[in-house]
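Worksheet: the structure to be examined is printed underneath.
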Amino acid sequence: MTWFEAVLVLAAGLGAGTINAVVGSGTLLTFPALLAAGLPPVLANVSNTIGLAPGTAAGVIGYRRELSGQRGRILRLVPASLAGAVVGVVLLLRLPGSAFDAIVPGLILLGCTLVVLQPWLSRKINLPNGGGHRGAWWVIPAVFVTGVYGGYFGAAQGVLLMAILGIGLDPNLQRMNGLKNVLATVVNGVAAILFIFVADVDWLAVALIAFGSTVGGLIGGRYGRRLPPLALRGLIVVIGVTAVTTMLI
């Protein structure tokens, strides 16, 4: 890796950490940067997942106030994310890279649509805005499926989680963003640990992304939590549409 490529990967990590803390989809910055630096796709995906794990954890720290009173939700949903991540890693190691190509753009567009319709849908299913509410029955299986996707690749995982949590659990997007960061940290952390033991890793790429994403996660956690609901919803949709466009080109 040349010094220019190293700077590119570091900058991508910084941007990815910031975006992941606020919405998700930071992989759309770091994965192409690693490919541009000459890493093969699978090696880039593995190294990217390990490198982004500290950044998602930093995002949790930035949103710790929004997590107040959500201990019960965390305990219910974390096992689903953990199990999904394990399944996703197994699929990545065993299935061809094209396996999810057809369904992923559709999932992201669905997530964007649900985020836009979230206030109306939340009212229709009559979810009270309460920290102790258990949410709709389908939230846990949906979080599991998102964990599978996150363990497999993970781009726009946050968009899908925000749609699921905002509609099925609590319409307060900032509180759900904090919870989303916890679940994404679990998925990325589990996948990273498994990859370390079972896959080849480019540790220079990991170090650059880890440093950049950690700083970015702290920045995103500090400033992203100040976004009003309408601005946050708009940012989610913009990033989601960008993700789909990038994947289809």
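Here's how to read the names in the structure tokens: chain A, B, ... by the order shown, residue numbers from 1 in each chain, ligand numbers from 1 in the order shown.
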
Which parts of segment 18-249 of chain A does DSSP call alpha helix (DSSP H) when run on the backbone here, written out as JSON, numbers by chain?
{"A": [18, 19, 20, 21, 22, 27, 28, 29, 30, 31, 32, 33, 34, 35, 36, 41, 42, 43, 44, 45, 46, 47, 48, 49, 50, 51, 52, 53, 54, 55, 56, 57, 58, 59, 60, 61, 62, 71, 72, 73, 74, 75, 76, 77, 78, 79, 80, 81, 82, 83, 84, 85, 86, 87, 88, 89, 90, 91, 92, 93, 94, 103, 104, 105, 106, 107, 108, 109, 110, 111, 112, 113, 114, 115, 116, 117, 118, 119, 120, 121, 122, 123, 124, 139, 140, 141, 142, 143, 144, 145, 146, 147, 148, 149, 150, 151, 152, 157, 158, 159, 160, 161, 162, 163, 164, 165, 166, 167, 168, 173, 174, 175, 176, 177, 178, 179, 180, 181, 182, 183, 184, 185, 186, 187, 188, 189, 190, 191, 192, 193, 194, 195, 196, 197, 198, 203, 204, 205, 206, 207, 208, 209, 210, 211, 212, 213, 214, 215, 216, 217, 218, 219, 220, 221, 222, 223, 229, 230, 231, 232, 233, 234, 235, 236, 237, 238, 239, 240, 241, 242, 243, 244, 245, 246, 247, 248]}

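Here the question is which of A:Gly150, A:Gly224, A:Leu235, A:Leu92 gets nearest to Leu43 of chain A using only C-alpha atoms, and that residue is A:Leu92.
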
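Atom CA of Leu35 of chain A to atom CA of Val237 of chain A spans 25.6 Å [interatomic distance, one decimal].
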
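Checking A:Leu91, A:Leu52, A:Ala80, A:Leu183 one by one against Leu67 of chain A, counting only C-alpha atoms, you find the shortest gap at A:Leu183.
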
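With only C-alpha atoms as the atoms that count, the residue of A:Asn48, A:Gly38, A:Leu93, A:Asp202 with the shortest distance to Asn188 of chain A is A:Asn48.
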
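Separating atom CA of Val23 of chain A from atom CA of Pro229 of chain A is a distance of 12.2 Å.
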
What's around Leu110 of chain A at 12 Å? Count only C-alpha atoms, leave out sequence neighbours fewer than 6 positions away in its own chain, and write the answer as a PyMOL selection string.
chain A and resi 103-104+116-118+156+159-164+237+240-241+244

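Considering only C-alpha atoms, the residue among A:Ser25, A:Val143, A:Leu34, A:Asn20 positioned nearest to Ala205 of chain A is A:Leu34.
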
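Take the candidates A:Gly220, A:Leu227, A:Pro141, A:Asp200 and check each one against Leu39 of chain A using only C-alpha atoms; the shortest distance goes to A:Asp200.
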
Neighbour list for Ala57 of chain A as a ChimeraX atom specification, cut-off 12 Å, only C-alpha atoms, skip fewer than 5 positions in-chain:
/A:17-18,20-21,50-52,62-64,178-189,210,213-218,220-221

Export N, CA, C and O atoms of the chosen residues as a short mmCIF file (atom, residue, chain, number, x, y, z; two decimals), in the first residue's frame?
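Okay, this is what ended up in again_16.cif:
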data_model
loop_
_atom_site.label_atom_id
_atom_site.label_comp_id
_atom_site.auth_asym_id
_atom_site.auth_seq_id
_atom_site.Cartn_x
_atom_site.Cartn_y
_atom_site.Cartn_z
N GLY A 17 -16.77 6.16 9.99
CA GLY A 17 -17.11 6.18 11.42
C GLY A 17 -18.14 7.24 11.74
O GLY A 17 -19.06 7.02 12.54
N THR A 18 -18.00 8.41 11.10
CA THR A 18 -18.96 9.51 11.32
C THR A 18 -20.34 9.13 10.81
O THR A 18 -21.35 9.30 11.51
N ASN A 20 -21.54 6.09 10.18
CA ASN A 20 -22.10 4.94 10.90
C ASN A 20 -22.74 5.36 12.21
O ASN A 20 -23.76 4.80 12.62
N ALA A 21 -22.15 6.33 12.90
CA ALA A 21 -22.71 6.77 14.17
C ALA A 21 -24.06 7.45 13.98
O ALA A 21 -24.95 7.35 14.83
N ILE A 50 -13.43 -5.77 10.40
CA ILE A 50 -12.64 -5.71 11.63
C ILE A 50 -12.28 -4.26 11.96
O ILE A 50 -12.38 -3.81 13.10
N GLY A 51 -11.90 -3.50 10.93
CA GLY A 51 -11.50 -2.12 11.16
C GLY A 51 -12.62 -1.22 11.62
O GLY A 51 -12.40 -0.29 12.40
N LEU A 52 -13.84 -1.47 11.16
CA LEU A 52 -14.97 -0.61 11.52
C LEU A 52 -15.54 -0.91 12.90
O LEU A 52 -16.30 -0.09 13.45
N GLY A 62 -21.03 7.91 22.02
CA GLY A 62 -21.58 9.21 21.69
C GLY A 62 -23.08 9.30 21.92
O GLY A 62 -23.60 10.39 22.18
N TYR A 63 -23.78 8.18 21.85
CA TYR A 63 -25.24 8.16 22.03
C TYR A 63 -25.65 7.56 23.37
O TYR A 63 -26.78 7.11 23.52
N ARG A 64 -24.78 7.58 24.34
CA ARG A 64 -25.08 6.91 25.62
C ARG A 64 -26.27 7.54 26.34
O ARG A 64 -27.01 6.85 27.03
N GLY A 178 -29.44 5.44 18.85
CA GLY A 178 -28.55 4.91 19.89
C GLY A 178 -28.64 3.40 19.98
O GLY A 178 -27.61 2.71 20.09
N LEU A 179 -29.86 2.87 19.93
CA LEU A 179 -30.05 1.42 19.98
C LEU A 179 -29.48 0.76 18.73
O LEU A 179 -28.86 -0.32 18.80
N LYS A 180 -29.67 1.40 17.58
CA LYS A 180 -29.09 0.88 16.33
C LYS A 180 -27.58 0.76 16.43
O LYS A 180 -26.99 -0.23 15.97
N ASN A 181 -26.94 1.74 17.05
CA ASN A 181 -25.48 1.69 17.20
C ASN A 181 -25.05 0.50 18.06
O ASN A 181 -24.02 -0.13 17.78
N VAL A 182 -25.82 0.19 19.09
CA VAL A 182 -25.50 -0.97 19.93
C VAL A 182 -25.59 -2.26 19.11
O VAL A 182 -24.69 -3.11 19.15
N LEU A 183 -26.68 -2.42 18.37
CA LEU A 183 -26.88 -3.64 17.59
C LEU A 183 -25.84 -3.77 16.48
O LEU A 183 -25.32 -4.86 16.23
N ALA A 184 -25.52 -2.66 15.82
CA ALA A 184 -24.50 -2.70 14.77
C ALA A 184 -23.13 -3.04 15.37
O ALA A 184 -22.32 -3.74 14.74
N THR A 185 -22.85 -2.55 16.57
CA THR A 185 -21.59 -2.87 17.24
C THR A 185 -21.50 -4.37 17.53
O THR A 185 -20.44 -4.99 17.36
N VAL A 186 -22.61 -4.95 17.96
CA VAL A 186 -22.63 -6.39 18.23
C VAL A 186 -22.35 -7.16 16.94
O VAL A 186 -21.52 -8.08 16.91
N VAL A 187 -23.04 -6.80 15.86
CA VAL A 187 -22.87 -7.50 14.58
C VAL A 187 -21.43 -7.37 14.09
O VAL A 187 -20.77 -8.37 13.75
N ASN A 188 -20.91 -6.14 14.06
CA ASN A 188 -19.55 -5.93 13.57
C ASN A 188 -18.53 -6.59 14.48
O ASN A 188 -17.52 -7.15 14.00
N GLY A 189 -18.76 -6.54 15.79
CA GLY A 189 -17.82 -7.14 16.73
C GLY A 189 -17.75 -8.65 16.61
O GLY A 189 -16.65 -9.23 16.58
N ALA A 210 -9.53 1.36 11.58
CA ALA A 210 -9.90 1.39 13.00
C ALA A 210 -9.63 2.77 13.61
O ALA A 210 -10.48 3.31 14.34
N SER A 213 -12.09 5.35 11.88
CA SER A 213 -13.50 5.15 12.23
C SER A 213 -13.78 5.45 13.70
O SER A 213 -14.88 5.88 14.04
N THR A 214 -12.80 5.23 14.56
CA THR A 214 -12.99 5.55 15.98
C THR A 214 -13.12 7.06 16.18
O THR A 214 -14.02 7.54 16.89
N VAL A 215 -12.24 7.81 15.54
CA VAL A 215 -12.34 9.28 15.61
C VAL A 215 -13.66 9.73 14.99
O VAL A 215 -14.38 10.57 15.55
N GLY A 216 -13.99 9.17 13.84
CA GLY A 216 -15.24 9.53 13.18
C GLY A 216 -16.47 9.16 13.99
O GLY A 216 -17.45 9.91 14.03
N GLY A 217 -16.42 8.02 14.68
CA GLY A 217 -17.55 7.61 15.52
C GLY A 217 -17.80 8.58 16.66
O GLY A 217 -18.95 8.88 16.99
N LEU A 218 -16.73 9.09 17.25
CA LEU A 218 -16.88 10.08 18.33
C LEU A 218 -17.44 11.40 17.79
O LEU A 218 -18.27 12.03 18.43
N GLY A 220 -19.33 11.74 15.00
CA GLY A 220 -20.72 11.51 14.63
C GLY A 220 -21.63 11.40 15.84
O GLY A 220 -22.76 11.90 15.82
N GLY A 221 -21.14 10.76 16.90
CA GLY A 221 -21.94 10.65 18.10
C GLY A 221 -22.19 11.98 18.77
O GLY A 221 -23.24 12.21 19.37
#

Of the candidates A:Val201, A:Ile19, A:Leu28, A:Leu208, which shows the shortest atom-to-atom distance to Ala44 of chain A, using only C-alpha atoms?
A:Val201

Atomic separation - atom CA of Ala12 of chain A relative to atom CA of Ala37 of chain A, Å:
11.7 Å

Can you list, as JSON, numbers by chain, every protein, DNA or RNA residue that comes within 6 Å of Val148 of chain A when you count only C-alpha atoms, leaving out same-chain residues fewer than 6 positions away?
{"A": [84, 85, 87, 88]}

Preceding selection exported with N, CA and C atoms as a PDB file, in the first residue's frame:
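So the final result, stored in selection.pdb, reads:
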ATOM      1  N   GLY A  84     -27.591 -13.548  14.224  1.00  0.00           N
ATOM      2  CA  GLY A  84     -27.603 -13.190  12.816  1.00  0.00           C
ATOM      3  C   GLY A  84     -26.209 -12.955  12.271  1.00  0.00           C
ATOM      4  N   ALA A  85     -25.357 -12.307  13.058  1.00  0.00           N
ATOM      5  CA  ALA A  85     -23.988 -12.041  12.620  1.00  0.00           C
ATOM      6  C   ALA A  85     -23.228 -13.336  12.360  1.00  0.00           C
ATOM      7  N   VAL A  87     -24.474 -16.263  11.504  1.00  0.00           N
ATOM      8  CA  VAL A  87     -24.989 -16.842  10.265  1.00  0.00           C
ATOM      9  C   VAL A  87     -24.447 -16.092   9.050  1.00  0.00           C
ATOM     10  N   GLY A  88     -24.392 -14.761   9.146  1.00  0.00           N
ATOM     11  CA  GLY A  88     -23.891 -13.963   8.038  1.00  0.00           C
ATOM     12  C   GLY A  88     -22.437 -14.256   7.705  1.00  0.00           C
TER      13      GLY A  88
END
